[in-house]
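Coordinates as given in start-v2.cif (mmCIF, C-alpha atoms):
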```cif
data_data
#
loop_
_atom_site.group_PDB
_atom_site.id
_atom_site.type_symbol
_atom_site.label_atom_id
_atom_site.label_comp_id
_atom_site.auth_asym_id
_atom_site.auth_seq_id
_atom_site.Cartn_x
_atom_site.Cartn_y
_atom_site.Cartn_z
ATOM 1 C CA MET A 1 35.006 -43.072 8.931
ATOM 2 C CA THR A 2 31.830 -44.310 7.276
ATOM 3 C CA TRP A 3 33.774 -45.557 4.259
ATOM 4 C CA LEU A 4 36.283 -47.326 6.518
ATOM 5 C CA THR A 5 33.503 -48.992 8.499
ATOM 6 C CA TRP A 6 31.832 -50.207 5.313
ATOM 7 C CA ARG A 7 35.142 -51.562 4.042
ATOM 8 C CA GLN A 8 35.653 -53.535 7.237
ATOM 9 C CA PHE A 9 32.059 -54.696 7.349
ATOM 10 C CA ARG A 10 31.238 -55.344 3.717
ATOM 11 C CA LEU A 11 32.365 -58.990 3.546
ATOM 12 C CA SER A 12 30.188 -59.939 6.513
ATOM 13 C CA ALA A 13 27.258 -57.924 5.155
ATOM 14 C CA LEU A 14 27.498 -59.475 1.699
ATOM 15 C CA SER A 15 27.778 -62.965 3.209
ATOM 16 C CA MET A 16 24.642 -62.337 5.229
ATOM 17 C CA LEU A 17 22.823 -61.082 2.128
ATOM 18 C CA ALA A 18 23.796 -64.231 0.255
ATOM 19 C CA GLY A 19 22.488 -66.363 3.115
ATOM 20 C CA LEU A 20 19.192 -64.494 3.178
ATOM 21 C CA LEU A 21 18.778 -64.962 -0.561
ATOM 22 C CA ALA A 22 19.483 -68.680 -0.219
ATOM 23 C CA ILE A 23 16.664 -68.940 2.325
ATOM 24 C CA ALA A 24 14.279 -66.706 0.388
ATOM 25 C CA VAL A 25 14.480 -68.644 -2.894
ATOM 26 C CA PRO A 26 12.740 -71.851 -1.698
ATOM 27 C CA LEU A 27 10.191 -69.745 0.177
ATOM 28 C CA VAL A 28 9.301 -67.801 -2.942
ATOM 29 C CA ILE A 29 9.053 -71.010 -4.968
ATOM 30 C CA THR A 30 6.874 -72.964 -2.526
ATOM 31 C CA GLY A 31 4.903 -70.112 -0.927
ATOM 32 C CA PRO A 32 2.204 -69.628 -3.589
ATOM 33 C CA ASP A 33 1.346 -73.350 -3.506
ATOM 34 C CA LEU A 34 0.372 -73.160 0.179
ATOM 35 C CA VAL A 35 -2.539 -70.786 -0.366
ATOM 36 C CA GLY A 36 -5.893 -72.499 0.087
ATOM 37 C CA ARG A 37 -4.488 -75.754 1.421
ATOM 38 C CA THR A 38 -5.680 -77.495 4.595
ATOM 39 C CA ASP A 39 -2.856 -80.024 4.972
ATOM 40 C CA PHE A 40 0.727 -78.863 5.399
ATOM 41 C CA SER A 41 2.336 -82.063 6.648
ATOM 42 C CA ASP A 42 4.705 -82.106 3.676
ATOM 43 C CA GLN A 43 6.068 -78.722 4.757
ATOM 44 C CA ASP A 44 7.168 -79.761 8.263
ATOM 45 C CA THR A 45 10.857 -79.690 7.403
ATOM 46 C CA LEU A 46 10.762 -76.268 5.777
ATOM 47 C CA PHE A 47 8.467 -74.947 8.510
ATOM 48 C CA GLY A 48 10.900 -76.023 11.206
ATOM 49 C CA GLY A 49 13.857 -74.835 9.167
ATOM 50 C CA THR A 50 12.502 -71.302 8.854
ATOM 51 C CA ILE A 51 11.985 -71.093 12.615
ATOM 52 C CA LEU A 52 15.515 -72.350 13.217
ATOM 53 C CA ALA A 53 16.918 -69.820 10.746
ATOM 54 C CA LEU A 54 15.281 -66.904 12.547
ATOM 55 C CA TYR A 55 16.688 -68.044 15.891
ATOM 56 C CA LEU A 56 20.145 -68.629 14.446
ATOM 57 C CA LEU A 57 20.223 -65.202 12.795
ATOM 58 C CA PRO A 58 20.689 -63.233 16.059
ATOM 59 C CA ALA A 59 23.402 -65.672 17.112
ATOM 60 C CA VAL A 60 25.264 -65.151 13.838
ATOM 61 C CA ILE A 61 24.870 -61.385 14.110
ATOM 62 C CA GLY A 62 26.021 -61.210 17.721
ATOM 63 C CA VAL A 63 28.917 -63.648 17.445
ATOM 64 C CA PHE A 64 30.264 -62.919 13.966
ATOM 65 C CA TRP A 65 29.252 -59.255 13.542
ATOM 66 C CA GLY A 66 29.092 -57.724 16.994
ATOM 67 C CA VAL A 67 32.087 -59.283 18.720
ATOM 68 C CA PRO A 68 34.723 -58.829 15.971
ATOM 69 C CA MET A 69 33.531 -55.291 15.238
ATOM 70 C CA ILE A 70 35.435 -54.053 18.295
ATOM 71 C CA THR A 71 37.690 -56.842 19.543
ATOM 72 C CA ARG A 72 39.377 -57.206 16.172
ATOM 73 C CA GLU A 73 40.624 -53.629 16.410
ATOM 74 C CA LEU A 74 41.422 -53.860 20.120
ATOM 75 C CA GLU A 75 43.580 -56.953 19.592
ATOM 76 C CA SER A 76 45.388 -55.528 16.559
ATOM 77 C CA GLY A 77 45.721 -52.039 18.026
ATOM 78 C CA THR A 78 44.298 -50.288 14.962
ATOM 79 C CA HIS A 79 41.811 -48.406 17.145
ATOM 80 C CA SER A 80 44.661 -46.303 18.549
ATOM 81 C CA LEU A 81 45.740 -45.348 15.054
ATOM 82 C CA VAL A 82 42.234 -44.121 14.233
ATOM 83 C CA TRP A 83 41.911 -42.214 17.491
ATOM 84 C CA ASN A 84 45.209 -40.431 16.864
ATOM 85 C CA GLN A 85 43.817 -39.052 13.618
ATOM 86 C CA THR A 86 40.888 -36.668 13.389
ATOM 87 C CA VAL A 87 38.327 -39.249 14.496
ATOM 88 C CA THR A 88 37.188 -39.064 18.118
ATOM 89 C CA ARG A 89 36.392 -42.122 20.195
ATOM 90 C CA LYS A 90 32.694 -41.329 20.285
ATOM 91 C CA ARG A 91 32.494 -40.814 16.546
ATOM 92 C CA TRP A 92 34.397 -44.063 15.999
ATOM 93 C CA LEU A 93 31.974 -46.062 18.146
ATOM 94 C CA THR A 94 28.890 -44.180 16.925
ATOM 95 C CA THR A 95 29.701 -44.984 13.302
ATOM 96 C CA LYS A 96 30.373 -48.637 13.999
ATOM 97 C CA LEU A 97 27.293 -49.145 16.144
ATOM 98 C CA GLY A 98 25.063 -47.123 13.847
ATOM 99 C CA PHE A 99 26.105 -49.075 10.783
ATOM 100 C CA GLY A 100 25.997 -52.417 12.571
ATOM 101 C CA ILE A 101 22.615 -51.926 14.257
ATOM 102 C CA LEU A 102 21.004 -50.728 11.038
ATOM 103 C CA ALA A 103 22.373 -53.678 9.067
ATOM 104 C CA ALA A 104 21.318 -56.137 11.771
ATOM 105 C CA MET A 105 17.776 -54.781 11.963
ATOM 106 C CA VAL A 106 17.427 -54.836 8.180
ATOM 107 C CA ALA A 107 18.642 -58.457 8.053
ATOM 108 C CA GLY A 108 16.246 -59.521 10.820
ATOM 109 C CA GLY A 109 13.365 -57.637 9.238
ATOM 110 C CA LEU A 110 13.909 -59.029 5.754
ATOM 111 C CA LEU A 111 14.119 -62.625 6.908
ATOM 112 C CA SER A 112 11.079 -62.240 9.149
ATOM 113 C CA VAL A 113 9.018 -60.687 6.342
ATOM 114 C CA ALA A 114 9.903 -63.554 4.013
ATOM 115 C CA VAL A 115 9.138 -66.280 6.567
ATOM 116 C CA THR A 116 5.956 -64.588 7.864
ATOM 117 C CA TRP A 117 4.655 -64.265 4.307
ATOM 118 C CA TRP A 118 5.497 -67.887 3.453
ATOM 119 C CA ALA A 119 3.928 -69.278 6.631
ATOM 120 C CA SER A 120 0.819 -67.077 6.576
ATOM 121 C CA PRO A 121 -1.500 -69.862 5.229
ATOM 122 C CA ILE A 122 -0.221 -72.236 7.931
ATOM 123 C CA ASP A 123 -0.631 -69.616 10.641
ATOM 124 C CA ALA A 124 -4.127 -68.786 9.419
ATOM 125 C CA LEU A 125 -5.202 -72.427 9.689
ATOM 126 C CA SER A 126 -3.613 -72.871 13.129
ATOM 127 C CA ALA A 127 -5.601 -69.854 14.338
ATOM 128 C CA VAL A 128 -8.931 -71.634 13.776
ATOM 129 C CA GLN A 129 -8.028 -75.278 14.456
ATOM 130 C CA THR A 130 -7.993 -76.873 17.909
ATOM 131 C CA ASP A 131 -7.588 -80.574 17.157
ATOM 132 C CA ARG A 132 -4.699 -80.862 14.692
ATOM 133 C CA GLY A 133 -1.807 -80.228 17.026
ATOM 134 C CA MET A 134 -0.704 -77.218 14.993
ATOM 135 C CA LEU A 135 1.470 -74.574 16.624
ATOM 136 C CA ALA A 136 -0.277 -71.208 16.757
ATOM 137 C CA ARG A 137 1.825 -68.207 15.817
ATOM 138 C CA ILE A 138 1.522 -66.890 19.389
ATOM 139 C CA SER A 139 3.052 -70.089 20.807
ATOM 140 C CA PRO A 140 6.562 -69.587 22.261
ATOM 141 C CA VAL A 141 8.464 -71.406 19.529
ATOM 142 C CA VAL A 142 6.745 -69.729 16.584
ATOM 143 C CA PHE A 143 6.290 -66.261 18.101
ATOM 144 C CA GLY A 144 9.973 -65.371 17.870
ATOM 145 C CA ALA A 145 10.064 -66.303 14.187
ATOM 146 C CA ARG A 146 7.215 -64.053 13.081
ATOM 147 C CA GLY A 147 6.348 -60.380 12.834
ATOM 148 C CA ILE A 148 8.644 -57.654 14.119
ATOM 149 C CA VAL A 149 10.354 -59.163 17.167
ATOM 150 C CA PRO A 150 13.229 -60.626 15.089
ATOM 151 C CA ILE A 151 14.238 -57.007 14.427
ATOM 152 C CA GLY A 152 14.641 -56.492 18.164
ATOM 153 C CA TYR A 153 16.523 -59.773 18.556
ATOM 154 C CA ALA A 154 18.971 -58.763 15.842
ATOM 155 C CA ALA A 155 19.651 -55.296 17.282
ATOM 156 C CA PHE A 156 20.064 -56.707 20.789
ATOM 157 C CA ALA A 157 22.433 -59.453 19.608
ATOM 158 C CA LEU A 158 24.636 -56.985 17.717
ATOM 159 C CA VAL A 159 25.067 -54.606 20.640
ATOM 160 C CA LEU A 160 25.439 -57.494 23.099
ATOM 161 C CA GLY A 161 28.362 -58.783 21.041
ATOM 162 C CA VAL A 162 29.951 -55.337 20.966
ATOM 163 C CA ALA A 163 29.477 -54.838 24.724
ATOM 164 C CA VAL A 164 30.920 -58.232 25.641
ATOM 165 C CA GLY A 165 33.819 -57.687 23.226
ATOM 166 C CA MET A 166 34.650 -54.326 24.788
ATOM 167 C CA LEU A 167 34.484 -55.882 28.251
ATOM 168 C CA LEU A 168 36.605 -58.985 27.610
ATOM 169 C CA LYS A 169 38.828 -57.658 24.785
ATOM 170 C CA ARG A 170 39.344 -61.229 23.535
ATOM 171 C CA THR A 171 37.524 -62.394 20.424
ATOM 172 C CA VAL A 172 37.109 -66.115 21.149
ATOM 173 C CA ALA A 173 36.106 -65.617 24.780
ATOM 174 C CA ALA A 174 33.696 -62.834 23.834
ATOM 175 C CA MET A 175 32.106 -65.023 21.145
ATOM 176 C CA ALA A 176 31.457 -67.806 23.651
ATOM 177 C CA VAL A 177 30.008 -65.477 26.296
ATOM 178 C CA THR A 178 27.832 -63.703 23.737
ATOM 179 C CA LEU A 179 26.419 -66.973 22.425
ATOM 180 C CA VAL A 180 25.624 -68.331 25.881
ATOM 181 C CA THR A 181 24.076 -65.037 27.047
ATOM 182 C CA LEU A 182 21.947 -64.676 23.932
ATOM 183 C CA ALA A 183 20.717 -68.269 24.166
ATOM 184 C CA ALA A 184 19.793 -67.736 27.823
ATOM 185 C CA VAL A 185 17.862 -64.549 27.053
ATOM 186 C CA LEU A 186 15.949 -66.081 24.139
ATOM 187 C CA LEU A 187 15.046 -69.030 26.345
ATOM 188 C CA LEU A 188 14.125 -67.167 29.539
ATOM 189 C CA VAL A 189 12.109 -64.284 28.055
ATOM 190 C CA PRO A 190 9.358 -66.541 26.585
ATOM 191 C CA MET A 191 9.159 -68.432 29.884
ATOM 192 C CA PHE A 192 9.222 -65.662 32.467
ATOM 193 C CA VAL A 193 8.620 -62.316 30.736
ATOM 194 C CA ARG A 194 6.434 -62.631 27.643
ATOM 195 C CA PRO A 195 3.506 -64.399 29.372
ATOM 196 C CA TYR A 196 3.079 -61.400 31.665
ATOM 197 C CA LEU A 197 3.646 -58.476 29.317
ATOM 198 C CA LEU A 198 -0.145 -58.426 29.210
ATOM 199 C CA PRO A 199 -2.328 -59.878 31.994
ATOM 200 C CA PRO A 200 -3.245 -63.423 30.915
ATOM 201 C CA GLN A 201 -6.855 -64.498 30.687
ATOM 202 C CA THR A 202 -8.347 -67.274 32.805
ATOM 203 C CA GLU A 203 -11.231 -69.574 31.924
ATOM 204 C CA THR A 204 -12.870 -72.251 34.049
ATOM 205 C CA ILE A 205 -14.065 -75.260 32.062
ATOM 206 C CA ALA A 206 -16.484 -77.957 33.163
ATOM 207 C CA ILE A 207 -15.103 -81.493 33.066
ATOM 208 C CA THR A 208 -17.360 -83.087 30.481
ATOM 209 C CA ARG A 209 -16.910 -85.297 27.441
ATOM 210 C CA GLU A 210 -17.472 -82.259 25.220
ATOM 211 C CA ASN A 211 -14.708 -80.230 26.892
ATOM 212 C CA ILE A 212 -12.110 -82.836 27.854
ATOM 213 C CA THR A 213 -9.879 -84.190 25.110
ATOM 214 C CA ASN A 214 -7.855 -86.707 27.125
ATOM 215 C CA ILE A 215 -6.977 -87.989 30.578
ATOM 216 C CA THR A 216 -3.498 -89.470 30.745
ATOM 217 C CA GLY A 217 -1.680 -91.197 33.572
ATOM 218 C CA ASP A 218 1.675 -92.737 34.388
ATOM 219 C CA GLU A 219 2.570 -96.354 35.139
ATOM 220 C CA THR A 220 1.371 -96.066 38.739
ATOM 221 C CA GLY A 221 -2.060 -94.854 37.672
ATOM 222 C CA ASP A 222 -1.537 -91.252 38.778
ATOM 223 C CA ILE A 223 -3.069 -88.654 36.500
ATOM 224 C CA LEU A 224 -0.529 -86.584 34.621
ATOM 225 C CA GLU A 225 -2.855 -84.393 32.611
ATOM 226 C CA ILE A 226 -6.491 -83.651 31.949
ATOM 227 C CA GLY A 227 -6.510 -82.182 28.486
ATOM 228 C CA VAL A 228 -9.097 -79.549 27.587
ATOM 229 C CA ARG A 229 -10.223 -78.104 24.310
ATOM 230 C CA LYS A 230 -8.183 -74.977 23.784
ATOM 231 C CA GLN A 231 -9.304 -71.673 22.412
ATOM 232 C CA PRO A 232 -8.258 -71.573 18.721
ATOM 233 C CA GLY A 233 -4.919 -69.849 18.220
ATOM 234 C CA ALA A 234 -4.298 -69.325 21.947
ATOM 235 C CA TRP A 235 -1.130 -69.846 23.969
ATOM 236 C CA GLU A 236 -1.912 -71.984 27.003
ATOM 237 C CA LEU A 237 0.099 -70.983 30.075
ATOM 238 C CA ALA A 238 -1.451 -73.295 32.677
ATOM 239 C CA ASN A 239 -4.024 -76.082 32.851
ATOM 240 C CA GLU A 240 -4.988 -76.931 36.426
ATOM 241 C CA THR A 241 -7.712 -78.916 38.162
ATOM 242 C CA VAL A 242 -9.465 -76.858 40.851
ATOM 243 C CA ASP A 243 -12.083 -77.701 43.449
ATOM 244 C CA SER A 244 -15.357 -75.893 44.109
ATOM 245 C CA ALA A 245 -13.480 -73.254 46.126
ATOM 246 C CA GLY A 246 -11.116 -72.514 43.244
ATOM 247 C CA LYS A 247 -8.060 -74.125 44.888
ATOM 248 C CA VAL A 248 -5.671 -76.189 42.799
ATOM 249 C CA VAL A 249 -6.045 -79.896 43.534
ATOM 250 C CA THR A 250 -2.921 -82.037 43.422
ATOM 251 C CA PRO A 251 -2.918 -84.956 43.476
ATOM 252 C CA LEU A 252 -6.445 -85.727 42.340
ATOM 253 C CA PRO A 253 -8.757 -87.866 44.504
ATOM 254 C CA ASP A 254 -8.235 -91.640 44.624
ATOM 255 C CA PHE A 255 -11.553 -92.383 42.923
ATOM 256 C CA VAL A 256 -10.230 -90.617 39.800
ATOM 257 C CA GLN A 257 -6.789 -92.224 39.898
ATOM 258 C CA SER A 258 -8.340 -95.680 39.711
ATOM 259 C CA CYS A 259 -10.113 -94.793 36.460
ATOM 260 C CA VAL A 260 -6.946 -94.088 34.516
ATOM 261 C CA PRO A 261 -5.318 -96.952 32.585
ATOM 262 C CA ARG A 262 -1.606 -97.441 33.172
ATOM 263 C CA PRO A 263 0.356 -97.322 29.888
ATOM 264 C CA GLY A 264 2.066 -100.594 29.111
ATOM 265 C CA ARG A 265 0.414 -102.449 31.997
ATOM 266 C CA ASP A 266 -3.347 -102.205 31.606
ATOM 267 C CA ALA A 267 -4.884 -103.394 28.361
ATOM 268 C CA GLY A 268 -8.329 -102.422 27.217
ATOM 269 C CA PRO A 269 -10.627 -100.162 29.216
ATOM 270 C CA PRO A 270 -9.754 -98.868 32.703
ATOM 271 C CA PRO A 271 -10.133 -101.537 35.414
ATOM 272 C CA ARG A 272 -12.866 -99.722 37.326
ATOM 273 C CA GLY A 273 -15.339 -97.317 35.847
ATOM 274 C CA SER A 274 -14.813 -95.413 32.643
ATOM 275 C CA LEU A 275 -13.550 -91.986 31.645
ATOM 276 C CA GLU A 276 -17.152 -90.824 31.424
ATOM 277 C CA GLN A 277 -17.766 -91.999 34.970
ATOM 278 C CA CYS A 278 -14.578 -90.335 36.148
ATOM 279 C CA MET A 279 -15.606 -87.048 34.613
ATOM 280 C CA ALA A 280 -19.109 -87.385 36.053
ATOM 281 C CA GLN A 281 -17.680 -87.951 39.528
ATOM 282 C CA LEU A 282 -15.343 -84.995 39.173
ATOM 283 C CA GLY A 283 -18.232 -82.782 38.108
ATOM 284 C CA THR A 284 -20.411 -84.041 40.957
ATOM 285 C CA HIS A 285 -17.730 -83.098 43.479
ATOM 286 C CA GLY A 286 -17.331 -79.637 41.940
ATOM 287 C CA TYR A 287 -13.979 -80.147 40.212
ATOM 288 C CA GLN A 288 -13.228 -78.102 37.105
ATOM 289 C CA GLN A 289 -10.308 -77.278 34.839
ATOM 290 C CA ARG A 290 -8.854 -73.778 35.043
ATOM 291 C CA VAL A 291 -6.984 -72.715 31.944
ATOM 292 C CA THR A 292 -4.745 -69.643 31.878
ATOM 293 C CA TYR A 293 -3.814 -68.398 28.419
ATOM 294 C CA GLN A 294 -2.928 -65.549 26.113
ATOM 295 C CA PRO A 295 -5.526 -65.351 23.305
ATOM 296 C CA GLY A 296 -4.370 -65.349 19.718
ATOM 297 C CA SER A 297 -5.743 -61.828 19.268
ATOM 298 C CA ARG A 298 -2.872 -60.536 21.399
ATOM 299 C CA PHE A 299 -0.194 -61.598 18.945
ATOM 300 C CA TRP A 300 0.535 -58.102 17.644
ATOM 301 C CA PRO A 301 0.264 -56.277 20.999
ATOM 302 C CA LEU A 302 2.758 -58.765 22.443
ATOM 303 C CA GLN A 303 4.977 -58.333 19.383
ATOM 304 C CA TRP A 304 5.142 -54.574 19.872
ATOM 305 C CA LEU A 305 5.727 -54.862 23.607
ATOM 306 C CA GLU A 306 8.533 -57.390 23.208
ATOM 307 C CA LEU A 307 10.140 -55.363 20.434
ATOM 308 C CA ALA A 308 10.074 -52.310 22.712
ATOM 309 C CA LEU A 309 11.606 -54.389 25.506
ATOM 310 C CA TYR A 310 14.516 -55.570 23.362
ATOM 311 C CA LEU A 311 15.119 -52.117 21.942
ATOM 312 C CA ALA A 312 15.174 -50.684 25.468
ATOM 313 C CA VAL A 313 17.760 -53.252 26.547
ATOM 314 C CA THR A 314 19.709 -52.505 23.360
ATOM 315 C CA ALA A 315 19.723 -48.820 24.296
ATOM 316 C CA LEU A 316 21.050 -49.675 27.770
ATOM 317 C CA LEU A 317 23.804 -51.816 26.285
ATOM 318 C CA THR A 318 24.674 -48.997 23.889
ATOM 319 C CA TRP A 319 24.993 -46.631 26.857
ATOM 320 C CA PHE A 320 27.276 -49.183 28.534
ATOM 321 C CA CYS A 321 29.453 -49.358 25.420
ATOM 322 C CA PHE A 322 30.011 -45.598 25.449
ATOM 323 C CA ARG A 323 30.785 -45.689 29.167
ATOM 324 C CA ARG A 324 33.238 -48.540 28.611
ATOM 325 C CA LEU A 325 34.857 -46.593 25.787
ATOM 326 C CA ARG A 326 36.469 -44.263 28.330
ATOM 327 C CA HIS A 327 38.463 -47.151 29.814
ATOM 328 C CA LEU A 328 39.899 -48.418 26.534
ATOM 329 C CA SER A 329 43.509 -47.511 25.913
#
```

Would you kindly transcribe this structure into structure tokens?
Amino acid sequence: MTWLTWRQFRLSALSMLAGLLAIAVPLVITGPDLVGRTDFSDQDTLFGGTILALYLLPAVIGVFWGVPMITRELESGTHSLVWNQTVTRKRWLTTKLGFGILAAMVAGGLLSVAVTWWASPIDALSAVQTDRGMLARISPVVFGARGIVPIGYAAFALVLGVAVGMLLKRTVAAMAVTLVTLAAVLLLVPMFVRPYLLPPQTETIAITRENITNITGDETGDILEIGVRKQPGAWELANETVDSAGKVVTPLPDFVQSCVPRPGRDAGPPPRGSLEQCMAQLGTHGYQQRVTYQPGSRFWPLQWLELALYLAVTALLTWFCFRRLRHLS
């Protein structure tokens, strides 16, 4: 059974290996040149490309590995032939899932190791800079393309594809459902789950020239954002203006709204007062900025927790696959 599974799976596995090598080659070539640098603007394309590759990898694994692994045999009827031999249903599924999950986790791990190594100088600089607009490795977009969580994504995607394939028994339909479900999970987890895997920290910041980086407004003069200096390498979850009682203030008082220039309509300085005067008035009335964030030091604890989460869901999906196996004819 193991030999048969490898024979069915080898073309996909070898194709994936070739793809990983194609990505690794430019990383190996350019990686050593990044050490010691303080400007990485010329690497924006490759930086974004590596992140995209690590998010596309689970999709490829789930859609082109997981789904066909079962539906191909269900549609052709070859599963019945195997079951009528000496191979039991459980052994058949155990071998396929075992081989597939291992290959998926190895692929996710290898690509993540290569990208994490290549981007380590960039990540190190983003961890200490606050004014360059660099994405910290704990930020939602970068987090999923670093460390060990891609291993969990890959395992989850593989078993998700198998589970959906066993449920729908149609390859094309199962591919579409798997892709949409995986995209939804990878989008929703960073928004609604990851921020709260560990209790976020909260810091109240005085509204002063030293702490405030910008005050921006819309065309009507309403304030859209009061920017604050962020903790280096942190992931900001919320930035709110609060009054002296700690209650969120929205909208801000009229005396502040009048200090904000309206983009495209007001030229030069604000019509009344200045940003310094606005901040002074806010401070006088007890207004402050409350920032909620996950510090950069929590990168690895969050990585381990999210990996455990995905592996737990993978285990549940695996259990579902074996339960569903009883209803396959």

Expected residue set, 12 Å radius at (38.6, -56.3, 26.4), only C-alpha atoms, as a VMD selection string: chain A and resid 67 to 68 70 to 77 161 to 174 321 324 to 325 327 to 329

Check which residues satisfy the PyMOL selection byres ((chain A and resi 298-309) around 6) in the file shown, then give them as a list of chain:residue names. A:Ile138, A:Val149, A:Gly152, A:Pro295, A:Gly296, A:Ser297, A:Tyr310, A:Leu311, A:Ala312

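Checking A:Gln231, A:Thr94, A:Gln43, A:Thr30 one by one against Ala136 in chain A, counting all atoms listed in the file, you find the shortest gap at A:Gln231.
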
Run through the PyMOL selection byres ((chain A and resi 235) around 12) on the given coordinates and return the selected residues as number ranges by chain. A: 126-127, 130, 134-143, 190-191, 194-195, 200-202, 230-234, 236-239, 291-299, 302

Could you take the residues named above and write them with C-alpha atoms, as a PDB file, in the coordinates of the input?
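Okay, part-v4.pdb is ready:
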```pdb
ATOM      1  CA  SER A 126      -3.613 -72.871  13.129  1.00  0.00           C
ATOM      2  CA  ALA A 127      -5.601 -69.854  14.338  1.00  0.00           C
ATOM      3  CA  THR A 130      -7.993 -76.873  17.909  1.00  0.00           C
ATOM      4  CA  MET A 134      -0.704 -77.218  14.993  1.00  0.00           C
ATOM      5  CA  LEU A 135       1.470 -74.574  16.624  1.00  0.00           C
ATOM      6  CA  ALA A 136      -0.277 -71.208  16.757  1.00  0.00           C
ATOM      7  CA  ARG A 137       1.825 -68.207  15.817  1.00  0.00           C
ATOM      8  CA  ILE A 138       1.522 -66.890  19.389  1.00  0.00           C
ATOM      9  CA  SER A 139       3.052 -70.089  20.807  1.00  0.00           C
ATOM     10  CA  PRO A 140       6.562 -69.587  22.261  1.00  0.00           C
ATOM     11  CA  VAL A 141       8.464 -71.406  19.529  1.00  0.00           C
ATOM     12  CA  VAL A 142       6.745 -69.729  16.584  1.00  0.00           C
ATOM     13  CA  PHE A 143       6.290 -66.261  18.101  1.00  0.00           C
ATOM     14  CA  PRO A 190       9.358 -66.541  26.585  1.00  0.00           C
ATOM     15  CA  MET A 191       9.159 -68.432  29.884  1.00  0.00           C
ATOM     16  CA  ARG A 194       6.434 -62.631  27.643  1.00  0.00           C
ATOM     17  CA  PRO A 195       3.506 -64.399  29.372  1.00  0.00           C
ATOM     18  CA  PRO A 200      -3.245 -63.423  30.915  1.00  0.00           C
ATOM     19  CA  GLN A 201      -6.855 -64.498  30.687  1.00  0.00           C
ATOM     20  CA  THR A 202      -8.347 -67.274  32.805  1.00  0.00           C
ATOM     21  CA  LYS A 230      -8.183 -74.977  23.784  1.00  0.00           C
ATOM     22  CA  GLN A 231      -9.304 -71.673  22.412  1.00  0.00           C
ATOM     23  CA  PRO A 232      -8.258 -71.573  18.721  1.00  0.00           C
ATOM     24  CA  GLY A 233      -4.919 -69.849  18.220  1.00  0.00           C
ATOM     25  CA  ALA A 234      -4.298 -69.325  21.947  1.00  0.00           C
ATOM     26  CA  GLU A 236      -1.912 -71.984  27.003  1.00  0.00           C
ATOM     27  CA  LEU A 237       0.099 -70.983  30.075  1.00  0.00           C
ATOM     28  CA  ALA A 238      -1.451 -73.295  32.677  1.00  0.00           C
ATOM     29  CA  ASN A 239      -4.024 -76.082  32.851  1.00  0.00           C
ATOM     30  CA  VAL A 291      -6.984 -72.715  31.944  1.00  0.00           C
ATOM     31  CA  THR A 292      -4.745 -69.643  31.878  1.00  0.00           C
ATOM     32  CA  TYR A 293      -3.814 -68.398  28.419  1.00  0.00           C
ATOM     33  CA  GLN A 294      -2.928 -65.549  26.113  1.00  0.00           C
ATOM     34  CA  PRO A 295      -5.526 -65.351  23.305  1.00  0.00           C
ATOM     35  CA  GLY A 296      -4.370 -65.349  19.718  1.00  0.00           C
ATOM     36  CA  SER A 297      -5.743 -61.828  19.268  1.00  0.00           C
ATOM     37  CA  ARG A 298      -2.872 -60.536  21.399  1.00  0.00           C
ATOM     38  CA  PHE A 299      -0.194 -61.598  18.945  1.00  0.00           C
ATOM     39  CA  LEU A 302       2.758 -58.765  22.443  1.00  0.00           C
TER      40      LEU A 302
END
```

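Separating CA of Arg326 in chain A from CA of Ala184 in chain A is a distance of 28.8 Å.
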
To one decimal place, how far is CA of Thr50 in chain A from CA of Val115 in chain A in Å?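 Separating CA of Thr50 in chain A from CA of Val115 in chain A is a distance of 6.5 Å.
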
For the point (28.5, -58.6, 12.9) in the file's frame, write as a PyMOL selection string all residues with an atom no more than 10 Å away, counting all atoms listed in the file. chain A and resi 9+12-13+16+58-70+100-101+103-104+154+157-159+161-162

Shell around range 206-215 of chain A at 9 Å using only C-alpha atoms, local window under 6 positions removed, as an MDAnalysis selection string: chainID A and resid 223:230 260 275:276 279:280 282:283 286:290

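Distance check against Gly49 in chain A using all atoms listed in the file: of A:Ala145, A:Leu34, A:Val128, A:Val28, the minimum falls on A:Ala145.
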
Could you please determine the separation between CA of His285 in chain A and CA of Thr216 in chain A in Å, to one decimal place?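 Between these atoms lies a distance of 20.1 Å.
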